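Okay, structure first, notes after.
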Amino acid sequence: MPPKVISPQRAVALECLLFLSYAFFSASWMVGSIVTSDIVQEFGLTSLPSSVNNAISLAKILGNFVAAWILLKLGPKNTVTFSCLLISSVVIGALAMNLPFFVVTRFLLGFGGAVLMICLTPYVVYCFEPKRQPIWIGINNAGPNTGNLIALLSISPVRTWLGDWRSVILFYGIFSAALLVLWLMIGRGYPIVPKDESNHPTQVYRYRDGLREPFLYRFLFTMTGRLVMYTVMLYLFPLNPDFTVDSQFISLMIALTGIPGTVIGIILAKKLKRQMVLYRFSGVSQSLLFFLMILTPSPTVATISAILLGFVIFISTPSLFTLPAKLPGATPGKVAVILTLYWAAAYTLQMIIYSLVVHLVNTHGWFLAMLFTAFYSLTFLVGTFLLPDFDRPGSPATEDPPC
C-alpha cells in the first residue's frame, strides 16, 4: 500500500468520529433494551416477543457477513455513511405505531452497527502507522463498553426528564444523527484497491481469499471461548437468582472493569516485545478467575474474581485485534474481509453455544451451565498456541508491514 498521505489531525478526527458513532450505537442498543418493558406494555403485549432479540442477532450476523462486500461496492466513506444512516433509524423507531415496525428499526440498528464495526480497523490501518495502530484499535474495542456505560449512567435522569420511551429513544438517536452529519462534512475515504510500486492496481482481496487464510480459523477458535463467556456474563448471568452475590452486580463489575483493562492493554501493546506472553497470561487468568468465581462459597472472593475477570478479558484485546493488520500483504481491504468473515462466524457460533448454555440452565441448573461455560473459555488459552507469533525474530511482521 502507498505511504499514508492523511494528516495526523485529520486521522484523529476521523477516528474520534468513528469511535463515537459506534459508542452511541451501543448506547441506543442498551437504551432500547432498558425501556423494552414500556414498549411491550404500550403495544398491549404480556411478554417480550423473541422477534426483538432475534432481529438484532440476525442483523449482527448478516451485517458482518456482507460488510466487506458493501465496503468494496460503496467505498470506505460511503460505507460508513450507510452504516451511520441505518444506526440513525432508531429515530424512526421512536415513531413506531406497532411492534413489527419497531422490530424492523431494531434490525436496521443492528445491521448498521455490524457494518460500522467492520470499518473501524481498516480505517486504523489506513490512518496510522503500525506503532500507533494498537492504541486506536484498543480505543475502538472500548466503544461498546463506553456506549453501555453512557446508557447506564444517563438513562435514569433522561427518563425522568423526558418521560415516555419514545422521547428517550429519540434523544439518544439524535446523537447518532448528528455524528452522521459530521461524517458527511469531514469524512474521507481511501483507495479500496491499492496500487503497487508501478502505480498499477493490485488484485482485490475477496471472500474466497479470506476463506483460504489459515489465520481466520485459528483466530476464530481462539476467540470463541472468550466471546461466549463474556456474552453469558453480560446478558444471561444477571438472571441467576441463587448466586453467592447479587448476579446483576457481578455482571456490572465485569463490564465496567473492561474499560481500565482496555487502557492497560493499549499501554502493554506498545511496551511488550512479545505479545504472546500477554495472550497466554490473559487466557490462564480469565479461565482461573471464572472457575474461582463460580466455585467459591465466599461473596468477597466471588466479587474480587469478577472485578479481575473483566480486567483480564480486555487486557489483551487491543493487541489481539492488530493481528489481522500484521498478516503478510495486509491492506485495509484484506483486513476488512478477514474481520467480516471472523465476526460473521463468531456471532453464529456464539448464538449456537449461548443457546446450549441457556438449555443447560433450563434443564440442569445454573451451576452446570456456568461450569460448561468455564471449560469452553479454555479455547482461548489453547488457541494462543495456534496463533502466529509475529513478534518472534524472523517473523514476516518483524519487518515493516505493507501499509
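Here's how to read the names in the C-alpha cells: chain A, B, ... by the order shown, residue numbers from 1 in each chain, ligand numbers from 1 in the order shown.
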
A:Ile139: which residues within 9 Å, counting only C-alpha atoms, same-chain residues fewer than 2 positions away excluded, as a JSON list (two decimals) with N, CA and C atoms, in the first residue's frame?
[["chain", "number", "residue", "atom", "x", "y", "z"],
["A", 19, "PHE", "N", -15.30, 6.26, 16.47],
["A", 19, "PHE", "CA", -15.44, 5.73, 17.83],
["A", 19, "PHE", "C", -16.76, 6.18, 18.45],
["A", 134, "PRO", "N", -2.14, -0.19, 17.61],
["A", 134, "PRO", "CA", -2.72, -0.80, 18.82],
["A", 134, "PRO", "C", -3.49, 0.19, 19.69],
["A", 135, "ILE", "N", -3.05, 1.46, 19.72],
["A", 135, "ILE", "CA", -3.73, 2.46, 20.53],
["A", 135, "ILE", "C", -5.17, 2.64, 20.05],
["A", 136, "TRP", "N", -5.33, 2.85, 18.76],
["A", 136, "TRP", "CA", -6.65, 3.15, 18.22],
["A", 136, "TRP", "C", -7.52, 1.91, 18.11],
["A", 137, "ILE", "N", -6.92, 0.77, 17.84],
["A", 137, "ILE", "CA", -7.70, -0.46, 17.85],
["A", 137, "ILE", "C", -8.23, -0.74, 19.25],
["A", 141, "ASN", "N", -12.16, -0.87, 20.47],
["A", 141, "ASN", "CA", -12.72, -2.01, 21.18],
["A", 141, "ASN", "C", -13.35, -1.63, 22.51],
["A", 142, "ALA", "N", -13.03, -0.42, 22.99],
["A", 142, "ALA", "CA", -13.70, 0.08, 24.20],
["A", 142, "ALA", "C", -15.02, 0.76, 23.87],
["A", 143, "GLY", "N", -15.34, 0.88, 22.58],
["A", 143, "GLY", "CA", -16.57, 1.54, 22.16],
["A", 143, "GLY", "C", -17.83, 0.94, 22.73],
["A", 262, "THR", "N", -8.85, -2.35, 29.06],
["A", 262, "THR", "CA", -8.50, -1.94, 27.71],
["A", 262, "THR", "C", -7.40, -0.88, 27.72],
["A", 263, "VAL", "N", -7.48, 0.06, 28.65],
["A", 263, "VAL", "CA", -6.47, 1.12, 28.75],
["A", 263, "VAL", "C", -5.09, 0.52, 29.02],
["A", 266, "ILE", "N", -3.75, -1.24, 25.97],
["A", 266, "ILE", "CA", -3.17, -0.35, 24.97],
["A", 266, "ILE", "C", -1.71, -0.06, 25.31],
["A", 318, "PRO", "N", -6.64, -5.09, 22.74],
["A", 318, "PRO", "CA", -6.05, -4.14, 21.79],
["A", 318, "PRO", "C", -4.98, -4.79, 20.91]]

Task: Close residues, A:Ile150 itself excluded, 10 Å, only C-alpha atoms, min 3 positions apart in chain, as a PyMOL selection string - done: chain A and resi 23-24+26-28+30-31+144-147+153-155

What does the file look like for those residues with C-alpha atoms, as an mmCIF file, in the first residue's frame?
data_model
loop_
_atom_site.group_PDB
_atom_site.id
_atom_site.type_symbol
_atom_site.label_atom_id
_atom_site.label_comp_id
_atom_site.auth_asym_id
_atom_site.auth_seq_id
_atom_site.Cartn_x
_atom_site.Cartn_y
_atom_site.Cartn_z
ATOM 1 C CA ALA A 23 -20.317 4.072 21.099
ATOM 2 C CA PHE A 24 -23.700 5.714 20.518
ATOM 3 C CA SER A 26 -24.141 0.631 21.623
ATOM 4 C CA ALA A 27 -25.888 3.221 23.796
ATOM 5 C CA SER A 28 -29.015 3.128 21.607
ATOM 6 C CA MET A 30 -28.705 -0.697 25.520
ATOM 7 C CA VAL A 31 -31.355 2.003 25.979
ATOM 8 C CA PRO A 144 -19.245 -0.986 23.196
ATOM 9 C CA ASN A 145 -18.438 -0.682 26.901
ATOM 10 C CA THR A 146 -18.291 3.103 26.597
ATOM 11 C CA GLY A 147 -21.718 3.186 24.946
ATOM 12 C CA LEU A 153 -25.302 6.329 33.776
ATOM 13 C CA SER A 154 -27.687 8.621 31.900
ATOM 14 C CA ILE A 155 -30.875 6.632 31.349
#

Proximity of stretch 186-291 of chain A to stretch 80-87 of chain A: per-residue shortest pair, 12 Å limit, only C-alpha atoms, as a tab-separated table:
residue	atom	partner	partner_atom	distance
A:Ile186	CA	A:Thr81	CA	11.3
A:Gly187	CA	A:Thr81	CA	8.7
A:Arg188	CA	A:Val80	CA	9.7
A:Gly189	CA	A:Val80	CA	9.3

Task: Option closest in space to A:Val277, from A:Leu252, A:Leu360, A:Ile61, A:Leu381 [counting only C-alpha atoms] - done: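 The shortest atom-to-atom distance to A:Val277 comes from A:Leu381.
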
- [ ] Mind giving me the straight-line distance from atom CA of A:Gly75 to atom CA of A:Leu227 in Å, one decimal?
- [x] 29.5 Å

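Put simply, atom CA of A:Ala374 is 6.2 Å away from atom CA of A:Ser287.
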